[in-house]
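Next comes target.txt, a file with compact mmCIF, C-alpha atoms.
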```txt
# COMPACT_ATOMS: atom_id res chain seq x y z
CA MET K 233 0.00 0.00 0.00
CA PHE K 234 1.39 3.41 -0.96
CA THR K 235 1.43 6.21 1.59
CA ARG K 236 2.66 9.73 1.35
CA GLU K 237 5.74 8.98 3.44
CA SER K 238 6.63 5.72 1.70
CA CYS K 239 6.65 7.43 -1.69
CA ARG K 240 8.53 10.58 -0.81
CA ILE K 241 12.20 10.72 -1.75
CA PRO K 242 14.82 13.33 -0.95
CA THR K 243 15.47 15.79 -3.76
CA CYS K 244 19.14 16.35 -4.51
CA ARG K 245 20.06 20.05 -4.61
CA GLY K 246 23.74 20.03 -5.48
CA SER K 247 25.01 23.37 -6.78
CA ARG K 248 26.94 22.22 -9.82
CA ALA K 249 26.16 19.96 -12.75
CA VAL K 250 28.48 17.13 -13.68
CA VAL K 251 30.29 18.29 -16.80
CA VAL K 252 31.50 15.74 -19.35
CA ARG K 253 33.55 16.98 -22.29
CA ALA K 254 33.94 15.25 -25.64
CA GLY K 255 35.92 17.44 -28.00
CA ASP K 256 34.07 20.71 -28.45
CA MET K 257 30.84 19.24 -27.03
CA THR K 258 29.97 19.61 -23.34
CA GLU K 259 27.38 17.42 -21.63
CA TYR K 260 25.82 18.98 -18.54
CA GLN K 261 24.43 16.19 -16.35
CA ILE K 262 22.01 17.86 -13.97
CA ASP K 263 19.96 16.65 -11.01
CA ASN K 264 18.12 19.87 -10.11
CA LEU K 265 16.84 23.10 -11.67
CA GLY K 266 19.54 25.21 -10.06
CA GLN K 267 22.12 23.31 -12.08
CA ALA K 268 19.97 23.70 -15.19
CA ALA K 269 19.84 27.47 -14.70
CA GLU K 270 23.61 27.66 -14.25
CA ALA K 271 24.24 25.61 -17.40
CA ILE K 272 21.86 27.83 -19.38
CA ARG K 273 23.62 30.96 -18.16
CA GLN K 274 27.03 29.57 -19.12
CA VAL K 275 25.88 28.59 -22.60
CA THR K 276 24.07 31.91 -23.10
CA ALA K 277 27.22 33.82 -22.20
CA ASP K 278 29.06 31.96 -24.96
CA GLY K 279 26.29 32.55 -27.51
CA GLN K 280 25.68 28.82 -27.87
CA ARG K 281 22.72 26.42 -27.74
CA LEU K 282 21.64 23.37 -25.73
CA GLU K 283 19.83 20.20 -26.62
CA LEU K 284 17.56 19.26 -23.70
CA CYS K 285 17.33 15.50 -23.27
CA GLY K 286 16.10 12.94 -20.72
CA ALA K 287 16.31 9.29 -21.76
CA GLY K 288 16.66 10.29 -25.43
CA THR K 289 13.81 8.06 -26.60
CA LYS K 290 12.02 10.89 -28.43
CA ARG K 291 14.99 12.42 -30.19
CA HIS K 292 13.59 11.12 -33.48
CA LEU K 293 10.54 13.37 -33.12
CA GLY K 294 10.79 16.80 -34.70
CA ARG K 295 13.37 18.48 -36.89
CA ILE K 296 17.04 17.66 -37.27
CA ALA K 297 18.84 20.52 -35.54
CA SER K 298 22.42 21.27 -34.56
CA TYR K 299 23.37 22.04 -30.94
CA ASP K 300 26.60 23.02 -29.27
CA HIS K 301 26.06 21.15 -26.00
CA LEU K 302 23.76 18.64 -24.29
CA LEU K 303 21.69 19.25 -21.16
CA ASP K 304 21.04 15.77 -19.72
CA ALA K 305 18.06 15.92 -17.32
CA GLY K 306 17.97 12.17 -16.69
CA GLY K 307 19.40 12.66 -13.20
CA MET K 308 16.26 14.46 -12.02
CA SER K 309 14.54 11.17 -11.22
CA GLY K 310 12.25 9.75 -8.56
CA ILE K 311 8.77 9.93 -7.07
CA ILE K 312 8.48 12.84 -4.63
CA ASP K 313 4.96 12.31 -3.30
CA TYR K 314 2.22 9.86 -4.29
CA GLN K 315 -1.21 10.09 -2.65
CA PRO K 316 -3.39 7.39 -4.23
CA GLU K 317 -6.40 8.34 -2.12
CA GLU K 318 -6.18 11.87 -3.59
CA LEU K 319 -5.36 10.67 -7.14
CA VAL K 320 -2.26 12.89 -7.17
CA LEU K 321 1.30 11.96 -8.14
CA THR K 322 4.29 14.31 -7.90
CA LEU K 323 7.53 13.18 -9.45
CA ARG K 324 10.72 14.44 -11.01
CA ALA K 325 10.88 15.03 -14.75
CA GLY K 326 13.57 12.42 -15.44
CA THR K 327 11.66 9.58 -13.77
CA PRO K 328 11.56 6.55 -16.13
CA MET K 329 8.08 5.55 -17.28
CA ASN K 330 8.51 1.97 -16.03
CA VAL K 331 8.99 3.37 -12.50
CA VAL K 332 5.84 5.48 -12.89
CA GLU K 333 3.79 2.57 -14.19
CA ASP K 334 5.00 0.19 -11.48
CA ALA K 335 4.02 2.66 -8.76
CA LEU K 336 0.59 3.19 -10.29
CA ALA K 337 0.01 -0.54 -10.75
CA GLY K 338 0.78 -1.12 -7.07
CA ALA K 339 -2.13 1.17 -6.21
CA ARG K 340 -4.37 -0.12 -9.04
CA GLN K 341 -4.26 3.26 -10.74
CA MET K 342 -3.23 4.54 -14.16
CA LEU K 343 -2.43 7.54 -16.30
CA ALA K 344 -5.80 8.09 -17.94
CA PHE K 345 -4.36 9.26 -21.27
CA GLU K 346 -2.69 5.86 -21.83
CA PRO K 347 0.76 6.98 -22.98
CA PRO K 348 2.27 4.90 -25.79
CA SER K 349 5.80 3.59 -25.88
CA MET K 350 7.36 5.42 -28.81
CA THR K 351 10.56 3.38 -28.41
CA ARG K 352 8.77 0.39 -29.92
CA ILE K 353 8.57 2.23 -33.23
CA LEU K 354 12.36 2.34 -33.21
CA GLY K 355 12.74 -1.31 -32.23
CA GLU K 356 14.27 -0.47 -28.84
CA ALA K 357 11.62 -2.15 -26.67
CA GLN K 358 13.90 -5.10 -25.92
CA ALA K 359 16.14 -2.80 -23.91
CA GLY K 360 13.22 -2.01 -21.57
CA VAL K 361 13.43 1.71 -22.33
CA ARG K 362 10.14 3.61 -22.01
CA GLY K 363 11.38 7.19 -21.81
CA THR K 364 10.69 9.63 -18.97
CA ILE K 365 7.64 11.43 -17.64
CA GLY K 366 9.22 14.75 -18.65
CA GLY K 367 9.62 13.63 -22.25
CA LEU K 368 6.05 12.39 -22.27
CA ILE K 369 4.68 15.71 -21.05
CA ALA K 370 6.97 17.72 -23.33
CA THR K 371 5.62 15.92 -26.39
CA ASN K 372 2.00 15.61 -25.13
CA ILE K 373 1.75 12.04 -26.41
CA SER K 374 -1.53 10.27 -25.68
CA GLY K 375 -2.84 6.81 -26.52
CA PRO K 376 -6.21 5.21 -27.39
CA ARG K 377 -8.03 6.50 -24.30
CA ARG K 378 -7.43 10.06 -25.54
CA LEU K 379 -10.79 9.83 -27.30
CA THR K 380 -12.79 9.69 -24.07
CA ALA K 381 -10.40 10.60 -21.24
CA GLY K 382 -8.47 13.52 -22.73
CA ALA K 383 -4.82 14.25 -23.50
CA ALA K 384 -1.72 14.38 -21.32
CA ARG K 385 -2.11 18.15 -20.97
CA ASP K 386 -5.51 17.64 -19.32
CA TYR K 387 -3.91 15.78 -16.39
CA LEU K 388 -0.91 18.03 -15.71
CA LEU K 389 -1.70 19.84 -12.46
CA GLY K 390 1.55 21.71 -12.02
CA PHE K 391 5.33 21.82 -12.39
CA GLU K 392 8.46 23.80 -11.65
CA ALA K 393 10.78 24.90 -14.44
CA VAL K 394 13.67 27.03 -15.60
CA SER K 395 13.22 29.08 -18.76
CA GLY K 396 15.73 29.71 -21.53
CA ARG K 397 16.53 32.94 -19.69
CA GLY K 398 17.78 30.86 -16.74
CA GLU K 399 14.84 32.07 -14.62
CA HIS K 400 12.81 29.83 -12.30
CA PHE K 401 9.03 29.73 -12.63
CA LYS K 402 6.21 27.56 -11.31
CA SER K 403 2.71 26.71 -12.44
CA GLY K 404 -0.29 25.07 -10.79
CA GLY K 405 -0.41 22.86 -7.76
CA LYS K 406 -1.95 19.60 -6.57
CA VAL K 407 -5.58 20.33 -7.46
CA MET K 408 -7.28 21.02 -10.77
CA LYS K 409 -8.63 24.55 -11.03
CA ASN K 410 -9.53 27.16 -13.60
CA VAL K 411 -6.88 29.76 -14.37
CA THR K 412 -6.72 33.21 -15.87
CA GLY K 413 -3.99 34.48 -18.15
CA TYR K 414 -1.33 32.08 -19.45
CA ASP K 415 -2.18 28.46 -18.75
CA LEU K 416 1.45 27.39 -18.44
CA SER K 417 0.65 23.70 -18.01
CA LYS K 418 -1.15 23.62 -21.35
CA LEU K 419 1.63 25.68 -22.92
CA MET K 420 4.49 23.45 -21.79
CA CYS K 421 2.73 20.26 -22.91
CA GLY K 422 3.75 19.64 -26.50
CA SER K 423 6.47 22.32 -26.49
CA PHE K 424 9.23 19.71 -27.13
CA GLY K 425 11.51 21.29 -24.52
CA THR K 426 11.74 24.59 -26.40
CA LEU K 427 10.37 26.77 -23.58
CA GLY K 428 11.95 25.47 -20.39
CA VAL K 429 13.43 22.65 -18.33
CA MET K 430 10.70 21.05 -16.20
CA ASP K 431 10.91 19.29 -12.85
CA GLU K 432 8.62 18.31 -9.93
CA ILE K 433 5.70 17.46 -12.19
CA THR K 434 2.31 16.86 -10.57
CA ILE K 435 -0.19 14.68 -12.42
CA LYS K 436 -3.74 13.58 -11.74
CA THR K 437 -4.17 9.80 -11.77
CA LEU K 438 -7.30 7.65 -12.07
CA PRO K 439 -8.32 4.19 -10.82
CA ALA K 440 -7.51 1.39 -13.28
CA PRO K 441 -10.50 -0.51 -14.69
CA GLU K 442 -11.34 -3.85 -13.10
CA THR K 443 -11.61 -5.60 -16.46
CA SER K 444 -11.92 -4.93 -20.18
CA CYS K 445 -12.85 -6.58 -23.46
CA SER K 446 -13.33 -5.56 -27.09
CA LEU K 447 -16.06 -5.82 -29.70
CA LEU K 448 -15.06 -6.62 -33.30
CA VAL K 449 -17.43 -5.45 -36.03
CA GLY K 450 -16.89 -5.69 -39.80
CA ALA K 451 -17.47 -2.80 -42.22
CA ASP K 452 -17.49 -2.62 -46.01
CA ASP K 453 -15.41 0.56 -46.17
CA PHE K 454 -13.60 3.03 -43.92
CA ALA K 455 -16.46 5.55 -43.90
CA GLY K 456 -18.82 2.76 -42.86
CA ALA K 457 -16.55 1.85 -39.96
CA VAL K 458 -16.48 5.49 -38.81
CA ALA K 459 -20.28 5.69 -39.00
CA LEU K 460 -20.63 2.44 -37.06
CA ILE K 461 -18.35 3.68 -34.30
CA ALA K 462 -20.29 6.96 -34.14
CA ARG K 463 -23.51 5.02 -33.55
CA VAL K 464 -21.87 2.98 -30.79
CA PHE K 465 -20.55 6.11 -29.08
CA ALA K 466 -24.00 7.70 -29.32
CA SER K 467 -25.44 4.74 -27.39
CA PRO K 468 -25.61 4.64 -23.56
CA HIS K 469 -23.10 1.77 -23.38
CA GLU K 470 -19.97 3.86 -22.72
CA PRO K 471 -17.21 2.55 -25.01
CA GLY K 472 -13.77 3.79 -23.99
CA ALA K 473 -11.71 3.51 -27.18
CA SER K 474 -12.13 2.56 -30.81
CA ALA K 475 -9.84 1.73 -33.71
CA ILE K 476 -10.19 0.68 -37.34
CA LEU K 477 -8.00 -1.99 -38.95
CA PRO K 478 -7.87 -2.86 -42.68
CA ALA K 479 -8.46 -6.53 -43.45
CA ALA K 480 -4.79 -7.37 -44.04
CA ILE K 481 -3.68 -5.97 -40.68
CA ALA K 482 -6.71 -7.38 -38.85
CA ALA K 483 -5.73 -10.81 -40.20
CA GLU K 484 -2.12 -10.35 -39.05
CA GLU K 485 -3.39 -9.43 -35.58
CA GLY K 486 -5.75 -12.40 -35.46
CA VAL K 487 -8.96 -10.33 -35.34
CA ASP K 488 -10.16 -10.49 -38.94
CA SER K 489 -13.92 -9.95 -39.19
CA GLY K 490 -14.08 -11.16 -42.79
CA SER K 491 -14.84 -7.63 -44.02
CA PRO K 492 -12.59 -5.04 -45.73
CA PHE K 493 -12.35 -3.17 -42.40
CA THR K 494 -12.75 -4.18 -38.76
CA ALA K 495 -13.88 -1.73 -36.09
CA VAL K 496 -12.39 -2.54 -32.67
CA ILE K 497 -14.36 -1.07 -29.76
CA ARG K 498 -13.07 -1.37 -26.19
CA LEU K 499 -15.20 -1.57 -23.05
CA GLU K 500 -13.74 -1.09 -19.56
CA GLY K 501 -15.03 -1.06 -15.99
CA ILE K 502 -16.37 -3.48 -13.41
CA GLU K 503 -17.01 -6.98 -14.71
CA ALA K 504 -20.82 -6.98 -14.45
CA SER K 505 -21.08 -3.65 -16.25
CA VAL K 506 -18.69 -4.65 -19.04
CA ARG K 507 -20.54 -7.92 -19.60
CA ASP K 508 -23.93 -6.18 -19.77
CA ARG K 509 -22.75 -3.41 -22.11
CA LEU K 510 -21.02 -5.92 -24.38
CA GLY K 511 -24.23 -7.91 -24.70
CA HIS K 512 -26.24 -4.84 -25.68
CA LEU K 513 -23.63 -3.78 -28.25
CA GLN K 514 -23.52 -7.25 -29.76
CA GLU K 515 -27.29 -7.12 -30.22
CA MET K 516 -26.89 -3.67 -31.79
CA THR K 517 -24.00 -4.47 -34.16
CA GLY K 518 -23.79 -8.25 -34.51
CA GLY K 519 -20.11 -8.05 -33.62
CA ASP K 520 -17.89 -10.65 -31.97
CA ALA K 521 -16.35 -10.38 -28.50
CA LEU K 522 -12.61 -10.43 -27.84
CA ALA K 523 -11.75 -11.62 -24.32
CA GLU K 524 -9.70 -9.56 -21.87
CA ALA K 525 -6.21 -11.02 -22.40
CA ALA K 526 -6.42 -10.84 -26.19
CA SER K 527 -8.04 -7.40 -26.00
CA VAL K 528 -5.30 -6.00 -23.76
CA SER K 529 -2.60 -7.35 -26.07
CA LEU K 530 -4.28 -5.93 -29.18
CA TRP K 531 -4.74 -2.48 -27.66
CA GLN K 532 -1.12 -2.36 -26.53
CA ARG K 533 -0.07 -3.06 -30.11
CA ILE K 534 -2.45 -0.41 -31.45
CA ARG K 535 -1.23 2.06 -28.82
CA ASP K 536 2.42 1.47 -29.74
CA VAL K 537 1.75 1.33 -33.52
CA GLN K 538 3.25 -2.13 -33.66
CA PRO K 539 1.33 -3.34 -36.73
CA LEU K 540 3.23 -0.72 -38.75
CA ALA K 541 6.47 -0.52 -36.80
CA GLU K 542 7.60 -4.04 -37.58
CA LYS K 543 8.24 -3.26 -41.26
CA PRO K 544 10.97 -0.87 -42.55
CA LEU K 545 8.63 1.97 -43.55
CA ASP K 546 8.33 5.69 -42.88
CA ILE K 547 5.50 6.27 -40.39
CA TRP K 548 3.32 9.39 -40.38
CA LYS K 549 0.83 10.47 -37.74
CA VAL K 550 -2.21 12.32 -39.11
CA SER K 551 -4.98 13.79 -36.96
CA CYS K 552 -8.20 15.08 -38.45
CA ALA K 553 -11.95 14.96 -37.85
CA PRO K 554 -13.12 11.31 -38.12
CA ALA K 555 -15.64 12.39 -40.77
CA ASP K 556 -12.74 13.64 -42.94
CA ALA K 557 -10.54 10.56 -42.58
CA ALA K 558 -12.13 8.55 -45.41
CA LYS K 559 -11.77 11.51 -47.78
CA LEU K 560 -8.11 11.92 -46.84
CA LEU K 561 -7.34 8.24 -47.35
CA GLY K 562 -9.27 8.18 -50.63
CA SER K 563 -7.17 11.04 -51.99
CA LEU K 564 -3.90 9.09 -51.68
CA ASP K 565 -2.43 7.50 -54.79
CA PRO K 566 -2.75 3.68 -54.57
CA ARG K 567 0.82 3.43 -55.88
CA LEU K 568 2.02 4.69 -52.50
CA ASN K 569 1.28 1.18 -51.18
CA ILE K 570 0.36 2.43 -47.74
CA ARG K 571 -0.23 0.42 -44.59
CA MET K 572 -2.46 2.12 -42.06
CA ILE K 573 -4.35 1.77 -38.81
CA ALA K 574 -6.77 4.28 -37.32
CA ASP K 575 -7.31 5.18 -33.66
CA TRP K 576 -9.58 7.70 -31.90
CA ALA K 577 -12.67 6.55 -33.88
CA GLY K 578 -10.85 7.40 -37.12
CA GLY K 579 -9.51 10.78 -35.93
CA LEU K 580 -5.91 9.54 -35.63
CA LEU K 581 -4.40 7.88 -38.68
CA TRP K 582 -1.07 6.08 -38.59
CA ILE K 583 0.09 5.76 -42.20
CA ALA K 584 3.25 4.00 -43.38
CA SER K 585 4.94 3.63 -46.75
CA SER K 586 8.36 3.14 -48.31
CA LYS K 587 7.59 5.92 -50.82
CA ALA K 588 9.08 9.36 -50.24
CA GLN K 589 6.02 10.90 -51.92
CA LEU K 590 3.80 9.99 -48.95
CA GLY K 591 4.69 13.09 -46.91
CA PRO K 592 3.88 15.66 -49.62
CA ALA K 593 0.71 13.73 -50.48
CA LEU K 594 -0.47 13.84 -46.86
CA ARG K 595 0.30 17.55 -46.53
CA LYS K 596 -1.67 18.25 -49.71
CA ALA K 597 -4.59 16.12 -48.49
CA VAL K 598 -4.72 17.92 -45.14
CA GLN K 599 -4.76 21.30 -46.89
CA GLY K 600 -8.03 20.24 -48.48
CA LEU K 601 -9.67 19.72 -45.09
CA ASP K 602 -11.04 22.23 -42.59
CA SER K 603 -8.45 21.08 -40.07
CA GLY K 604 -5.72 18.51 -39.70
CA PHE K 605 -2.15 17.90 -38.59
CA THR K 606 0.61 15.70 -40.00
CA MET K 607 3.80 14.61 -38.30
CA LEU K 608 6.62 12.36 -39.42
CA VAL K 609 7.19 9.96 -36.52
CA ARG K 610 9.76 7.62 -38.06
CA ASP K 611 11.84 7.71 -41.20
CA VAL K 612 14.03 4.84 -42.28
CA GLY K 613 16.06 6.93 -44.70
CA VAL K 614 16.54 10.68 -45.08
CA THR K 615 12.91 11.81 -45.23
CA ARG K 616 13.34 14.28 -42.36
CA GLU K 617 16.02 16.07 -44.37
CA LYS K 618 13.63 16.63 -47.26
CA ILE K 619 10.35 17.62 -45.58
CA GLU K 620 9.36 19.40 -42.38
CA PRO K 621 8.51 16.66 -39.85
CA LEU K 622 5.82 18.75 -38.12
CA GLN K 623 2.92 20.39 -39.93
CA PRO K 624 4.16 23.84 -41.06
CA LEU K 625 2.46 26.74 -39.28
CA SER K 626 0.35 29.35 -41.03
CA GLY K 627 1.66 32.92 -41.02
CA GLY K 628 -0.34 34.11 -38.02
CA MET K 629 0.24 30.95 -36.02
CA TYR K 630 3.96 31.03 -36.80
CA GLU K 631 4.24 34.58 -35.46
CA LEU K 632 2.36 33.57 -32.30
CA HIS K 633 4.71 30.64 -31.70
CA LYS K 634 7.66 32.91 -32.30
CA ARG K 635 6.43 35.44 -29.71
CA VAL K 636 5.85 32.72 -27.13
CA LYS K 637 9.35 31.31 -27.72
CA ALA K 638 10.82 34.81 -27.34
CA SER K 639 9.01 35.26 -24.02
CA PHE K 640 10.60 32.17 -22.51
CA ASP K 641 13.82 31.79 -24.51
CA PRO K 642 14.67 34.96 -26.47
CA LEU K 643 18.14 33.77 -27.53
CA GLY K 644 16.98 30.31 -28.65
CA VAL K 645 19.12 28.43 -26.13
CA LEU K 646 16.80 25.43 -25.56
CA ASN K 647 16.05 22.95 -28.36
CA TYR K 648 16.17 25.72 -30.95
CA GLU K 649 14.41 24.79 -34.22
CA ARG K 650 13.38 21.39 -32.84
CA MET K 651 9.79 22.05 -33.88
CA HIS K 652 9.85 24.77 -36.55
CA GLN K 653 12.53 26.67 -38.42
CA GLY K 654 13.55 29.92 -36.72
CA ILE K 655 11.84 29.08 -33.41
```
Taking this structure as input, can you express it in the form of structure tokens?
Amino acid sequence: MFTRESCRIPTCRGSRAVVVRAGDMTEYQIDNLGQAAEAIRQVTADGQRLELCGAGTKRHLGRIASYDHLLDAGGMSGIIDYQPEELVLTLRAGTPMNVVEDALAGARQMLAFEPPSMTRILGEAQAGVRGTIGGLIATNISGPRRLTAGAARDYLLGFEAVSGRGEHFKSGGKVMKNVTGYDLSKLMCGSFGTLGVMDEITIKTLPAPETSCSLLVGADDFAGAVALIARVFASPHEPGASAILPAAIAAEEGVDSGSPFTAVIRLEGIEASVRDRLGHLQEMTGGDALAEAASVSLWQRIRDVQPLAEKPLDIWKVSCAPADAAKLLGSLDPRLNIRMIADWAGGLLWIASSKAQLGPALRKAVQGLDSGFTMLVRDVGVTREKIEPLQPLSGGMYELHKRVKASFDPLGVLNYERMHQGI
């Protein structure tokens, strides 16, 4: 049983970072924000730039940029305070995700946004590397439960940080509340370490479901699968996640419905409730049930994009309105030979191909929609050198991002141009 005292650890507050030199490159190994601020001031004085890094598992996300030195935040690790009865967890930014998940499992709790393991896309899962909580928050990565539970940014209650000016600042606390002015928690989530170095992160947790299962329903086309899922989510039977698999991938995963597409709908909760809701949805859709163990395994593979990651293909992440997804997919040239899976009821498309033309085709397709976002998650060649990995910003949005960056890091010391050129 976790208690406040059993989960609290001492926070190291040494005054100087460990400095490792390799030629002209300096690696600042820090274990507190005071050391981070000192390293930033030293680098700023020399007119140079830092790459902010924890475990390094998300270095493949974003643009290829050149840095003078490395700021290694992996030493800022450990759980500071965990209060399961209050659903509040405070921990240091460099805490490995396996430590976080083990602590939560011991209290039968979870991170509601179901963070994926991006290391599996790179084939590094065998090393047991899951990244850090700081990297997760910095990239705002969320898994299948994002559809109903919200994103990582919705569960960040507070943090401490040092800006690119070398100045300390703090946001939020241990309760959720409305704010006025800058919502710094929302701003830091998804900033890719370009605005500040975070530590002492406080996150809201939720109880883990008692059991789960999935419903498998065939559809004649992608649009039909989206419509089917919409009907299910409009019912009172509370599905928690939904994905769409083409027949070839459904067959590989052992869940082929015999139709061109298979909708996978997950139910979670107490056993009696899950069983009752599943029965009603089977009457409604005629679908087949997938038992808990097989369902858990399938959703982990969907979460970690494993059906696409096991082949040497570029992988793109595309988010759009589910109603637009069929149009986007239909606009792609069949000669691209794509493999794809869809999450978030069709609102998140993972699309893979060996063809370099996929990126430009996706960008063009998104331009034809009312909204959408494309991001290169993995390239197996030199794709990132030929196309912007993140969706380029419009003129007004670019200027807004530039002003925000200047407010926190006017000299571009931290992860400069990691997300967008000139920012």
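Using all atoms listed in the file, the shortest contact distance between Lys559 in chain K and any of K:Gly578, K:Met651, K:Gly363, K:Gln532 is found at K:Gly578.
Reported to one decimal place, the separation of CA of Glu620 in chain K from CA of Leu282 in chain K is 21.1 Å.
With all atoms listed in the file as the atoms that count, the minimum distance from Thr351 in chain K to the choices K:Ser446, K:Thr322, K:Ser467, K:Thr289 is reached by K:Thr289.
Rounded to one decimal, CA of Arg507 in chain K and CA of Glu485 in chain K lie 23.5 Å from each other.
CA of Thr371 in chain K lies 26.5 Å from CA of Pro471 in chain K.
Of the listed residues K:Leu513, K:Leu646, K:Ile369, K:Ala483, the one whose atoms come nearest to Ala269 in chain K is K:Leu646, with distances taken using all atoms listed in the file.
With all atoms listed in the file as the atoms that count, the minimum distance from Phe493 in chain K to the choices K:Phe454, K:Tyr314, K:Tyr260, K:Tyr648 is reached by K:Phe454.
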